[in-house]
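As provided, upload-v9.cif (mmCIF, C-alpha atoms) reads as follows.
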```cif
data_target
#
loop_
_atom_site.label_atom_id
_atom_site.label_comp_id
_atom_site.auth_asym_id
_atom_site.auth_seq_id
_atom_site.Cartn_x
_atom_site.Cartn_y
_atom_site.Cartn_z
CA MET A 141 -9.55 -72.03 109.36
CA GLY A 142 -12.22 -74.34 108.07
CA ARG A 143 -14.85 -72.55 110.05
CA ALA A 144 -13.77 -69.21 108.59
CA VAL A 145 -13.98 -70.58 105.09
CA THR A 146 -17.45 -71.91 105.80
CA LEU A 147 -18.59 -68.51 107.06
CA VAL A 148 -17.32 -66.80 103.93
CA LYS A 149 -19.08 -69.30 101.70
CA ASP A 150 -22.33 -68.93 103.61
CA SER A 151 -22.26 -65.15 103.51
CA ALA A 152 -21.31 -64.79 99.86
CA PRO A 153 -24.77 -65.46 98.38
CA ALA A 154 -26.22 -62.75 100.63
CA THR A 155 -23.96 -60.13 99.08
CA ARG A 156 -25.10 -61.13 95.58
CA LYS A 157 -28.81 -60.57 96.24
CA ALA A 158 -30.55 -58.23 93.78
CA ARG A 159 -31.03 -54.69 95.10
CA PRO A 160 -34.55 -53.37 95.28
CA ALA A 161 -35.47 -50.75 92.69
CA GLY A 162 -34.86 -47.20 93.89
CA PRO A 163 -37.59 -44.55 94.08
CA ALA A 164 -36.39 -42.81 90.89
CA THR A 165 -36.53 -46.06 88.93
CA ALA A 166 -39.98 -46.92 90.25
CA ARG A 167 -41.43 -43.51 89.45
CA ARG A 168 -39.95 -43.19 85.95
CA PRO A 169 -42.82 -44.91 84.05
CA GLY A 170 -45.33 -42.88 86.06
CA ARG A 171 -43.58 -39.64 85.15
CA ARG A 172 -43.56 -40.56 81.50
CA ARG A 173 -47.29 -41.22 81.61
CA GLU A 174 -47.89 -37.89 83.36
CA ASN A 175 -45.78 -36.03 80.81
CA LEU A 176 -47.60 -37.77 77.96
CA ALA A 177 -50.96 -36.81 79.46
CA GLY A 178 -49.79 -33.21 79.91
CA TYR A 179 -48.66 -32.95 76.29
CA LEU A 180 -51.92 -34.53 75.19
CA PHE A 181 -53.96 -31.88 77.00
CA MET A 182 -51.67 -29.14 75.65
CA SER A 183 -51.85 -30.39 72.08
CA PRO A 184 -54.88 -28.23 71.07
CA TRP A 185 -53.08 -25.09 72.26
CA ILE A 186 -49.80 -26.15 70.61
CA ALA A 187 -51.60 -26.88 67.33
CA GLY A 188 -53.44 -23.56 67.52
CA PHE A 189 -50.22 -21.68 68.24
CA LEU A 190 -48.36 -23.28 65.35
CA LEU A 191 -51.21 -23.02 62.83
CA LEU A 192 -52.83 -19.71 63.83
CA THR A 193 -49.96 -17.68 65.33
CA ALA A 194 -46.44 -18.87 64.56
CA GLY A 195 -47.24 -20.06 61.03
CA PRO A 196 -48.96 -16.83 59.90
CA MET A 197 -46.18 -14.76 61.47
CA VAL A 198 -43.52 -16.59 59.47
CA ALA A 199 -45.63 -16.31 56.32
CA SER A 200 -46.20 -12.56 56.84
CA LEU A 201 -42.46 -12.04 57.32
CA TYR A 202 -41.90 -13.64 53.92
CA PHE A 203 -44.72 -11.65 52.30
CA ALA A 204 -43.21 -8.42 53.67
CA PHE A 205 -40.37 -8.82 51.16
CA THR A 206 -42.62 -9.69 48.22
CA ASP A 207 -45.12 -8.11 45.86
CA TYR A 208 -48.24 -10.09 46.73
CA ASN A 209 -51.87 -9.23 45.94
CA LEU A 210 -53.64 -12.34 47.34
CA PHE A 211 -54.32 -13.69 43.85
CA ASN A 212 -50.97 -14.10 42.11
CA THR A 213 -47.79 -15.85 43.19
CA PRO A 214 -45.65 -13.67 45.52
CA LYS A 215 -42.76 -11.98 43.74
CA TRP A 216 -39.61 -11.26 45.73
CA VAL A 217 -38.85 -7.50 45.84
CA GLY A 218 -36.50 -7.27 48.81
CA PHE A 219 -36.81 -4.06 50.86
CA ASP A 220 -38.95 -2.24 48.27
CA ASN A 221 -42.04 -2.34 50.49
CA PHE A 222 -40.17 -0.71 53.36
CA THR A 223 -38.61 2.03 51.23
CA ARG A 224 -41.98 2.68 49.60
CA MET A 225 -43.50 2.96 53.05
CA PHE A 226 -41.36 5.95 54.06
CA ASP A 227 -42.19 7.73 50.79
CA ASP A 228 -45.95 7.28 51.25
CA PRO A 229 -47.60 10.45 52.66
CA ARG A 230 -50.65 8.51 53.89
CA TRP A 231 -48.38 6.13 55.81
CA GLN A 232 -46.73 9.15 57.41
CA LYS A 233 -50.17 10.52 58.25
CA SER A 234 -51.16 7.23 59.89
CA VAL A 235 -48.02 7.29 62.04
CA GLU A 236 -48.79 10.88 63.07
CA VAL A 237 -52.43 10.12 63.95
CA THR A 238 -51.51 6.98 65.92
CA ALA A 239 -48.75 8.75 67.85
CA LYS A 240 -51.12 11.57 68.74
CA TYR A 241 -53.75 9.11 69.89
CA VAL A 242 -51.26 7.19 72.06
CA VAL A 243 -49.71 10.30 73.62
CA ILE A 244 -53.08 11.88 74.49
CA GLY A 245 -55.34 8.91 75.16
CA THR A 246 -53.09 6.69 77.29
CA PRO A 247 -52.16 9.24 80.00
CA LEU A 248 -55.74 10.52 80.28
CA LYS A 249 -57.07 6.98 80.64
CA LEU A 250 -54.54 6.08 83.32
CA LEU A 251 -55.09 9.34 85.24
CA LEU A 252 -58.85 8.75 85.34
CA ALA A 253 -58.35 5.10 86.32
CA LEU A 254 -56.01 6.06 89.16
CA GLY A 255 -58.31 8.83 90.38
CA VAL A 256 -61.36 6.56 90.51
CA ALA A 257 -59.29 3.79 92.13
CA LEU A 258 -58.23 6.18 94.90
CA LEU A 259 -61.89 7.00 95.55
CA LEU A 260 -63.02 3.37 95.51
CA ALA A 261 -60.15 2.27 97.76
CA GLN A 262 -61.89 4.00 100.66
CA SER A 263 -64.57 2.11 102.57
CA ARG A 264 -68.04 3.32 101.63
CA ARG A 265 -71.54 2.00 101.11
CA GLY A 266 -72.26 0.34 97.80
CA GLN A 267 -68.56 -0.08 97.03
CA SER A 268 -69.04 -3.33 95.13
CA PHE A 269 -71.74 -1.77 92.95
CA TYR A 270 -69.53 1.21 92.04
CA ARG A 271 -66.61 -1.06 91.17
CA ALA A 272 -68.76 -3.18 88.88
CA ALA A 273 -70.34 -0.08 87.28
CA PHE A 274 -66.99 1.54 86.52
CA TYR A 275 -65.55 -1.73 85.22
CA ALA A 276 -68.45 -2.50 82.87
CA PRO A 277 -67.35 -0.17 80.01
CA SER A 278 -64.11 -2.14 79.69
CA LEU A 279 -66.15 -5.25 78.88
CA ILE A 280 -68.31 -3.71 76.16
CA GLY A 281 -66.23 -0.73 74.99
CA ALA A 282 -64.41 -2.60 72.24
CA SER A 283 -67.58 -3.94 70.62
CA VAL A 284 -68.81 -2.74 67.24
CA SER A 285 -72.21 -1.83 68.67
CA VAL A 286 -70.62 0.64 71.11
CA GLY A 287 -68.74 2.18 68.17
CA PHE A 288 -72.05 2.81 66.40
CA VAL A 289 -73.54 4.30 69.57
CA TRP A 290 -70.50 6.53 70.03
CA ARG A 291 -70.75 7.77 66.45
CA SER A 292 -74.42 8.57 67.01
CA LEU A 293 -73.67 10.49 70.20
CA PHE A 294 -71.05 12.70 68.54
CA SER A 295 -72.82 13.29 65.21
CA ASP A 296 -74.40 16.59 64.13
CA GLY A 297 -77.55 17.33 66.11
CA ALA A 298 -76.94 14.47 68.56
CA VAL A 299 -76.58 14.57 72.34
CA VAL A 300 -73.09 16.05 72.44
CA ASP A 301 -73.93 18.68 69.82
CA ARG A 302 -77.11 19.71 71.65
CA THR A 303 -75.25 19.87 74.96
CA GLN A 304 -72.62 22.14 73.45
CA THR A 305 -75.37 24.39 72.03
CA PHE A 306 -77.08 24.55 75.43
CA LEU A 307 -73.79 25.65 77.01
CA GLY A 308 -73.27 28.30 74.35
CA PHE A 309 -70.77 26.48 72.10
CA HIS A 310 -72.04 26.15 68.53
CA ALA A 311 -69.30 23.75 67.39
CA GLY A 312 -71.39 21.08 65.68
CA GLY A 313 -70.78 17.34 65.86
CA TRP A 314 -67.35 15.85 66.31
CA VAL A 315 -67.58 12.96 63.85
CA GLY A 316 -67.69 15.15 60.76
CA ASN A 317 -65.07 17.61 62.03
CA ALA A 318 -61.50 16.75 61.10
CA ASP A 319 -60.16 18.76 64.05
CA ARG A 320 -62.29 16.98 66.68
CA VAL A 321 -63.00 13.46 65.47
CA LEU A 322 -59.75 12.07 66.91
CA TYR A 323 -60.72 13.40 70.33
CA CYS A 324 -63.94 11.45 69.95
CA LEU A 325 -61.81 8.29 69.81
CA VAL A 326 -59.77 9.52 72.78
CA ALA A 327 -62.98 10.00 74.77
CA LEU A 328 -64.02 6.45 73.89
CA THR A 329 -60.76 4.91 75.11
CA VAL A 330 -60.76 7.03 78.27
CA TRP A 331 -64.32 5.83 78.97
CA GLN A 332 -62.94 2.26 79.06
CA PHE A 333 -60.78 2.89 82.14
CA GLY A 334 -62.21 -0.01 84.15
CA ALA A 335 -59.46 -2.58 83.55
CA PRO A 336 -56.51 -0.41 84.71
CA MET A 337 -58.71 0.86 87.55
CA VAL A 338 -59.08 -2.68 88.94
CA ILE A 339 -55.32 -3.20 88.73
CA PHE A 340 -54.71 0.09 90.53
CA LEU A 341 -57.18 -0.97 93.23
CA ALA A 342 -55.24 -4.18 93.79
CA GLY A 343 -52.02 -2.19 94.14
CA LEU A 344 -53.54 0.32 96.56
CA LYS A 345 -54.74 -2.51 98.80
CA GLN A 346 -51.11 -3.64 99.22
CA VAL A 347 -49.87 -0.31 100.63
CA PRO A 348 -49.32 -0.72 104.40
CA ARG A 349 -51.58 1.54 106.47
CA GLU A 350 -48.75 2.09 108.96
CA LEU A 351 -46.95 4.28 106.43
CA TYR A 352 -49.91 6.66 106.22
CA GLU A 353 -50.25 6.74 109.99
CA ALA A 354 -46.58 7.58 110.41
CA ALA A 355 -46.86 10.31 107.78
CA GLU A 356 -49.87 11.82 109.55
CA MET A 357 -47.91 11.92 112.80
CA ASP A 358 -45.21 13.88 110.96
CA GLY A 359 -47.83 16.37 109.75
CA ALA A 360 -47.96 15.24 106.11
CA GLY A 361 -51.01 16.33 104.11
CA PRO A 362 -52.96 14.35 101.49
CA PHE A 363 -50.75 15.50 98.60
CA ARG A 364 -47.49 14.61 100.37
CA LYS A 365 -48.84 11.21 101.37
CA PHE A 366 -49.90 10.54 97.78
CA TRP A 367 -46.60 11.73 96.28
CA ASN A 368 -44.20 10.22 98.81
CA ILE A 369 -46.03 7.04 99.80
CA THR A 370 -48.79 6.02 97.40
CA LEU A 371 -47.01 6.61 94.09
CA PRO A 372 -43.71 4.91 95.05
CA MET A 373 -45.55 1.93 96.55
CA ILE A 374 -47.78 1.37 93.50
CA SER A 375 -45.09 2.22 90.93
CA PRO A 376 -44.77 -1.44 89.77
CA VAL A 377 -48.52 -1.52 89.15
CA LEU A 378 -48.34 1.86 87.42
CA PHE A 379 -45.55 0.58 85.18
CA PHE A 380 -47.59 -2.49 84.27
CA ASN A 381 -50.61 -0.36 83.36
CA VAL A 382 -48.54 2.10 81.33
CA LEU A 383 -46.94 -0.74 79.39
CA LEU A 384 -50.19 -2.60 78.75
CA GLU A 385 -52.27 0.45 77.78
CA THR A 386 -49.55 1.82 75.51
CA ILE A 387 -49.41 -1.44 73.56
CA HIS A 388 -53.22 -1.52 73.34
CA SER A 389 -53.30 2.07 72.06
CA PHE A 390 -50.96 1.21 69.20
CA GLN A 391 -53.37 -1.54 68.15
CA ILE A 392 -56.53 0.58 67.93
CA PHE A 393 -58.67 -0.36 64.95
CA GLY A 394 -62.32 -1.24 65.62
CA SER A 395 -63.42 2.04 67.18
CA ALA A 396 -61.63 4.15 64.56
CA TYR A 397 -63.04 2.07 61.72
CA VAL A 398 -66.64 2.18 62.99
CA VAL A 399 -66.77 5.77 64.25
CA SER A 400 -65.36 7.06 60.96
CA ASN A 401 -67.92 4.99 58.98
CA THR A 402 -65.19 2.68 57.58
CA TYR A 403 -63.24 5.35 55.68
CA CYS A 404 -61.01 6.66 58.52
CA GLY A 405 -61.86 10.28 57.86
CA PRO A 406 -62.68 13.02 57.33
CA ALA A 407 -59.43 14.09 55.66
CA ASP A 408 -57.70 11.02 57.14
CA ALA A 409 -58.22 12.48 60.62
CA THR A 410 -58.77 9.00 62.10
CA LEU A 411 -56.37 7.17 59.80
CA VAL A 412 -54.70 5.20 62.55
CA TYR A 413 -51.92 2.81 61.59
CA THR A 414 -53.97 -0.39 61.67
CA CYS A 415 -56.76 1.22 59.64
CA TYR A 416 -54.34 2.11 56.84
CA LEU A 417 -52.84 -1.38 57.10
CA TYR A 418 -56.31 -2.86 56.62
CA GLN A 419 -56.98 -0.63 53.61
CA GLN A 420 -53.74 -1.62 51.92
CA GLY A 421 -54.08 -5.32 52.63
CA PHE A 422 -57.76 -6.02 52.02
CA LYS A 423 -59.15 -3.10 50.04
CA ASN A 424 -56.18 -2.44 47.75
CA ALA A 425 -54.98 -6.10 47.75
CA GLN A 426 -51.43 -4.99 48.60
CA MET A 427 -50.77 -7.80 51.05
CA GLY A 428 -46.99 -7.56 50.75
CA PHE A 429 -47.04 -3.87 51.66
CA ALA A 430 -49.50 -4.55 54.49
CA ALA A 431 -47.25 -7.30 55.88
CA ALA A 432 -44.31 -4.91 55.84
CA MET A 433 -46.44 -2.35 57.71
CA ALA A 434 -47.36 -4.98 60.30
CA TRP A 435 -43.74 -5.85 60.98
CA MET A 436 -42.85 -2.17 61.19
CA LEU A 437 -45.59 -1.76 63.82
CA LEU A 438 -44.19 -4.72 65.74
CA LEU A 439 -40.74 -3.13 65.65
CA ALA A 440 -42.11 0.21 66.87
CA VAL A 441 -44.00 -1.41 69.76
CA ALA A 442 -40.88 -3.41 70.69
CA MET A 443 -38.79 -0.22 70.75
CA VAL A 444 -41.33 1.62 72.92
CA THR A 445 -41.49 -1.37 75.26
CA ALA A 446 -37.70 -1.45 75.51
CA VAL A 447 -37.64 2.27 76.38
CA LEU A 448 -40.27 1.76 79.08
CA PHE A 449 -38.31 -1.13 80.60
CA TRP A 450 -35.14 0.98 80.52
CA SER A 451 -36.87 3.93 82.17
CA GLN A 452 -38.35 1.86 85.00
CA LYS A 453 -34.96 1.82 86.72
CA LYS A 454 -35.44 5.52 87.49
CA TRP A 455 -39.02 5.61 88.76
CA VAL A 456 -40.25 2.10 89.60
CA HIS A 457 -39.56 1.00 93.19
CA TYR A 458 -39.59 -2.70 93.99
CA GLU A 459 -39.29 -4.40 97.35
CA GLU A 460 -35.85 -5.64 98.34
CA GLY A 461 -34.97 -8.62 96.12
CA ALA A 462 -38.27 -8.49 94.20
CA ARG A 463 -36.88 -7.05 90.98
#
```
Rewrite the structure of this file - the entire thing - as structure tokens.
Amino acid sequence: MGRAVTLVKDSAPATRKARPAGPATARRPGRRRENLAGYLFMSPWIAGFLLLTAGPMVASLYFAFTDYNLFNTPKWVGFDNFTRMFDDPRWQKSVEVTAKYVVIGTPLKLLLALGVALLLAQSRRGQSFYRAAFYAPSLIGASVSVGFVWRSLFSDGAVVDRTQTFLGFHAGGWVGNADRVLYCLVALTVWQFGAPMVIFLAGLKQVPRELYEAAEMDGAGPFRKFWNITLPMISPVLFFNVLLETIHSFQIFGSAYVVSNTYCGPADATLVYTCYLYQQGFKNAQMGFAAAMAWMLLLAVAMVTAVLFWSQKKWVHYEEGAR
């Protein structure tokens, strides 16, 4: 009995020894330092987002419900800017011009990008040079200098006018013609097909060659292989390009402003939505009305995006479990 008691007494201090710190406890200060360093490196972006993006967005939402001319204190007017918008014939004209530009320019640009991507997807000499050459307009197409060059090309007596005359069409320049100037902008955006072309090329490289070989064994021709294999396999890439280019088309401003010599004409033929927004906000000092127009554009783009996402269920094919 005494020996048992002695053993218990001797073993008791061992059970009361302090446990070593676990891995989670040891790493906690290190994680805090890592998180602090991460937030420190992110702080310029966070500050820029709050001061240059989120802050102006909140301010513009407030200005959309006010009468504000950049000089006086904003005066709350409720939904007057939005009701005035629908009664404005020039606003209606800007919506019509923008819709026409989006409906015509976006499909043509994507068709050309896909066609060139199909050609460049085949192995040939100088492939890298051709890819870089076709992509280059996407890098410089949005610049103001290209807008001036484009206006010079399509003016009266310029290259396009002389080419039309040589071919027997005496139509004159496009810039001064209200019926053709919008197609001048469409030609400019179609010329910048390089970015969607590169994305299409990446999608085409992911199509398994075995599918084409099996289709050839079944006697399928080029059109059937394109329709039944290529299009379904690159449909996610096609959806991405359609979505991205549609949003970009709604935001057109620089080319329309420069090609039309800053007045979005003639006869408001190039009065795209953002051009009219700029006129109201900075030329007419109607910043409240311009803010309301901006939020209406955001709503329109959001609705179009929602429709595209809804429609993808019917024509976009994803791999099993990739959706």
Inset, instruction - Find the spatial neighbours of A:Phe429, counting all atoms listed in the file, within a cut-off of 8 Å - ignore same-chain residues fewer than 2 positions away - and output them as a PyMOL selection string. - result: chain A and resi 204+207+221-222+225+420-421+426-427+431-433
Inset, instruction - Using only C-alpha atoms, pick whichever of A:Ala434, A:Ala311, A:Cys324, A:Met337 has the shortest atom-to-atom distance to A:Leu293. - result: A:Cys324
Legend entry - atom CA of A:Ser234 to atom CA of A:Tyr413, straight-line distance in Å: 4.8 Å
Inset, instruction - Could you tell me which of A:Leu378, A:Ala318, A:Leu210, A:Val330 comes closest to A:Gly343 if we count all atoms listed in the file? - result: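 Checking each of A:Leu378, A:Ala318, A:Leu210, A:Val330 against A:Gly343, counting all atoms listed in the file, the winner is A:Leu378.
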Spatial neighbours of A:Thr402, 12 Å, all atoms listed in the file, chain gap at least 4 places, as a PDB file with C-alpha atoms, keeping the file's coordinate frame:
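New file out.pdb:
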```pdb
ATOM      1  CA  VAL A 284     -68.810  -2.740  67.240  1.00  0.00           C
ATOM      2  CA  GLY A 287     -68.740   2.180  68.170  1.00  0.00           C
ATOM      3  CA  PHE A 288     -72.050   2.810  66.400  1.00  0.00           C
ATOM      4  CA  ARG A 291     -70.750   7.770  66.450  1.00  0.00           C
ATOM      5  CA  PHE A 393     -58.670  -0.360  64.950  1.00  0.00           C
ATOM      6  CA  GLY A 394     -62.320  -1.240  65.620  1.00  0.00           C
ATOM      7  CA  SER A 395     -63.420   2.040  67.180  1.00  0.00           C
ATOM      8  CA  ALA A 396     -61.630   4.150  64.560  1.00  0.00           C
ATOM      9  CA  TYR A 397     -63.040   2.070  61.720  1.00  0.00           C
ATOM     10  CA  VAL A 398     -66.640   2.180  62.990  1.00  0.00           C
ATOM     11  CA  PRO A 406     -62.680  13.020  57.330  1.00  0.00           C
ATOM     12  CA  ASP A 408     -57.700  11.020  57.140  1.00  0.00           C
ATOM     13  CA  THR A 410     -58.770   9.000  62.100  1.00  0.00           C
ATOM     14  CA  LEU A 411     -56.370   7.170  59.800  1.00  0.00           C
ATOM     15  CA  VAL A 412     -54.700   5.200  62.550  1.00  0.00           C
ATOM     16  CA  CYS A 415     -56.760   1.220  59.640  1.00  0.00           C
ATOM     17  CA  TYR A 416     -54.340   2.110  56.840  1.00  0.00           C
ATOM     18  CA  TYR A 418     -56.310  -2.860  56.620  1.00  0.00           C
ATOM     19  CA  GLN A 419     -56.980  -0.630  53.610  1.00  0.00           C
ATOM     20  CA  LYS A 423     -59.150  -3.100  50.040  1.00  0.00           C
TER      21      LYS A 423
END
```
Legend entry - Option closest in space to A:Ala261, from A:Ala430, A:Leu371, A:Val377, A:Val347 [counting only C-alpha atoms]: A:Val347
Legend entry - Nearest-residue call for A:Gln391, choices A:Val242, A:Thr305, A:Trp185, A:Ala327, using all atoms listed in the file: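 Once distances to A:Gln391 are computed over all atoms listed in the file, the minimum belongs to A:Val242.
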Target residues per the PyMOL selection byres ((chain A and resi 268-276) around 10), formatted as a PDB file with C-alpha atoms, in the frame of the given file:
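The new file part-v4.pdb reads:
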```
ATOM      1  CA  ALA A 253     -58.350   5.100  86.320  1.00  0.00           C
ATOM      2  CA  VAL A 256     -61.360   6.560  90.510  1.00  0.00           C
ATOM      3  CA  ALA A 257     -59.290   3.790  92.130  1.00  0.00           C
ATOM      4  CA  LEU A 260     -63.020   3.370  95.510  1.00  0.00           C
ATOM      5  CA  ALA A 261     -60.150   2.270  97.760  1.00  0.00           C
ATOM      6  CA  ARG A 264     -68.040   3.320 101.630  1.00  0.00           C
ATOM      7  CA  ARG A 265     -71.540   2.000 101.110  1.00  0.00           C
ATOM      8  CA  GLY A 266     -72.260   0.340  97.800  1.00  0.00           C
ATOM      9  CA  GLN A 267     -68.560  -0.080  97.030  1.00  0.00           C
ATOM     10  CA  PRO A 277     -67.350  -0.170  80.010  1.00  0.00           C
ATOM     11  CA  SER A 278     -64.110  -2.140  79.690  1.00  0.00           C
ATOM     12  CA  LEU A 279     -66.150  -5.250  78.880  1.00  0.00           C
ATOM     13  CA  ILE A 280     -68.310  -3.710  76.160  1.00  0.00           C
ATOM     14  CA  GLY A 281     -66.230  -0.730  74.990  1.00  0.00           C
ATOM     15  CA  TRP A 331     -64.320   5.830  78.970  1.00  0.00           C
ATOM     16  CA  GLN A 332     -62.940   2.260  79.060  1.00  0.00           C
ATOM     17  CA  PHE A 333     -60.780   2.890  82.140  1.00  0.00           C
ATOM     18  CA  GLY A 334     -62.210  -0.010  84.150  1.00  0.00           C
ATOM     19  CA  ALA A 335     -59.460  -2.580  83.550  1.00  0.00           C
ATOM     20  CA  PRO A 336     -56.510  -0.410  84.710  1.00  0.00           C
ATOM     21  CA  MET A 337     -58.710   0.860  87.550  1.00  0.00           C
ATOM     22  CA  VAL A 338     -59.080  -2.680  88.940  1.00  0.00           C
ATOM     23  CA  LEU A 341     -57.180  -0.970  93.230  1.00  0.00           C
TER      24      LEU A 341
END
```
Legend entry - Nearby residues, (-60.4, 12.4, 70.0) file frame, 12 Å, only C-alpha atoms, as a PyMOL selection string: chain A and resi 237-238+240-246+248+290-291+294+314-315+317-331+395-396+399-400+409-410+412
Legend entry - Residues in the PyMOL selection byres ((chain A and resi 438) around 12), expressed as a ChimeraX atom specification: /A:197,201,387,390-391,413-414,431-437,439-445
Inset, instruction - List the neighbours of A:Leu351 out to 9 Å using all atoms listed in the file; skip same-chain residues closer than 5 positions along the sequence, and give me the result as a list in words. - result: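 My list of contacting residues is Glu356, Lys365 and Ile369 of chain A.
From atom CA of A:Glu385 back to atom CA of A:Gln452, the distance works out to 15.7 Å.
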Inset, instruction - Work out how far atom CA of A:Leu384 is from atom CA of A:Pro247, in Å to one decimal. - result: 12.1 Å
Legend entry - Among the residues A:Leu192, A:Ala187, A:Cys404, A:Ala355, the one that comes closest to A:Asn368 [using all atoms listed in the file]: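 Checking each of A:Leu192, A:Ala187, A:Cys404, A:Ala355 against A:Asn368, counting all atoms listed in the file, the winner is A:Ala355.
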Legend entry - Shell around A:Phe205 at 7 Å using all atoms listed in the file, local window under 4 positions removed, as a PyMOL selection string: chain A and resi 216-219+221+428
Selected residues, C-alpha atoms, written as a PDB file, in the coordinates of the input, please.
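And here is the file that came out, again24.pdb:
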```pdb
ATOM      1  CA  TRP A 216     -39.610 -11.260  45.730  1.00  0.00           C
ATOM      2  CA  VAL A 217     -38.850  -7.500  45.840  1.00  0.00           C
ATOM      3  CA  GLY A 218     -36.500  -7.270  48.810  1.00  0.00           C
ATOM      4  CA  PHE A 219     -36.810  -4.060  50.860  1.00  0.00           C
ATOM      5  CA  ASN A 221     -42.040  -2.340  50.490  1.00  0.00           C
ATOM      6  CA  GLY A 428     -46.990  -7.560  50.750  1.00  0.00           C
TER       7      GLY A 428
END
```
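Among the candidates A:Gly188, A:Gly316, A:Pro196, A:Pro169, the one nearest to A:Gly405 when counting only C-alpha atoms is A:Gly316.
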Can you fill out stretch 443-448 of chain A with all heavy atoms and hand it back as a short mmCIF file (atom, residue, chain, number, x, y, z; two decimals), in the frame of the given file?
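Dumped everything to result.cif:
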```
data_model
loop_
_atom_site.label_atom_id
_atom_site.label_comp_id
_atom_site.auth_asym_id
_atom_site.auth_seq_id
_atom_site.Cartn_x
_atom_site.Cartn_y
_atom_site.Cartn_z
N MET A 443 -39.69 -1.30 70.35
CA MET A 443 -38.79 -0.22 70.75
C MET A 443 -39.39 0.59 71.90
O MET A 443 -38.69 0.94 72.87
CB MET A 443 -38.51 0.69 69.55
CG MET A 443 -37.68 0.04 68.46
SD MET A 443 -37.46 1.11 67.01
CE MET A 443 -36.61 2.50 67.75
N VAL A 444 -40.68 0.89 71.83
CA VAL A 444 -41.33 1.62 72.92
C VAL A 444 -41.30 0.80 74.20
O VAL A 444 -41.04 1.33 75.29
CB VAL A 444 -42.78 1.98 72.53
CG1 VAL A 444 -43.53 2.55 73.72
CG2 VAL A 444 -42.79 2.98 71.38
N THR A 445 -41.55 -0.50 74.09
CA THR A 445 -41.49 -1.37 75.26
C THR A 445 -40.09 -1.40 75.86
O THR A 445 -39.93 -1.35 77.09
CB THR A 445 -41.92 -2.80 74.87
OG1 THR A 445 -43.23 -2.76 74.31
CG2 THR A 445 -41.91 -3.72 76.07
N ALA A 446 -39.07 -1.45 75.01
CA ALA A 446 -37.70 -1.45 75.51
C ALA A 446 -37.38 -0.15 76.24
O ALA A 446 -36.71 -0.15 77.29
CB ALA A 446 -36.72 -1.67 74.35
N VAL A 447 -37.86 0.98 75.71
CA VAL A 447 -37.64 2.27 76.38
C VAL A 447 -38.33 2.31 77.73
O VAL A 447 -37.77 2.81 78.72
CB VAL A 447 -38.13 3.42 75.47
CG1 VAL A 447 -38.12 4.74 76.23
CG2 VAL A 447 -37.26 3.53 74.23
N LEU A 448 -39.55 1.78 77.80
CA LEU A 448 -40.27 1.76 79.08
C LEU A 448 -39.54 0.88 80.10
O LEU A 448 -39.43 1.26 81.28
CB LEU A 448 -41.69 1.25 78.87
CG LEU A 448 -42.64 2.22 78.15
CD1 LEU A 448 -43.98 1.54 77.89
CD2 LEU A 448 -42.84 3.49 78.95
#
```
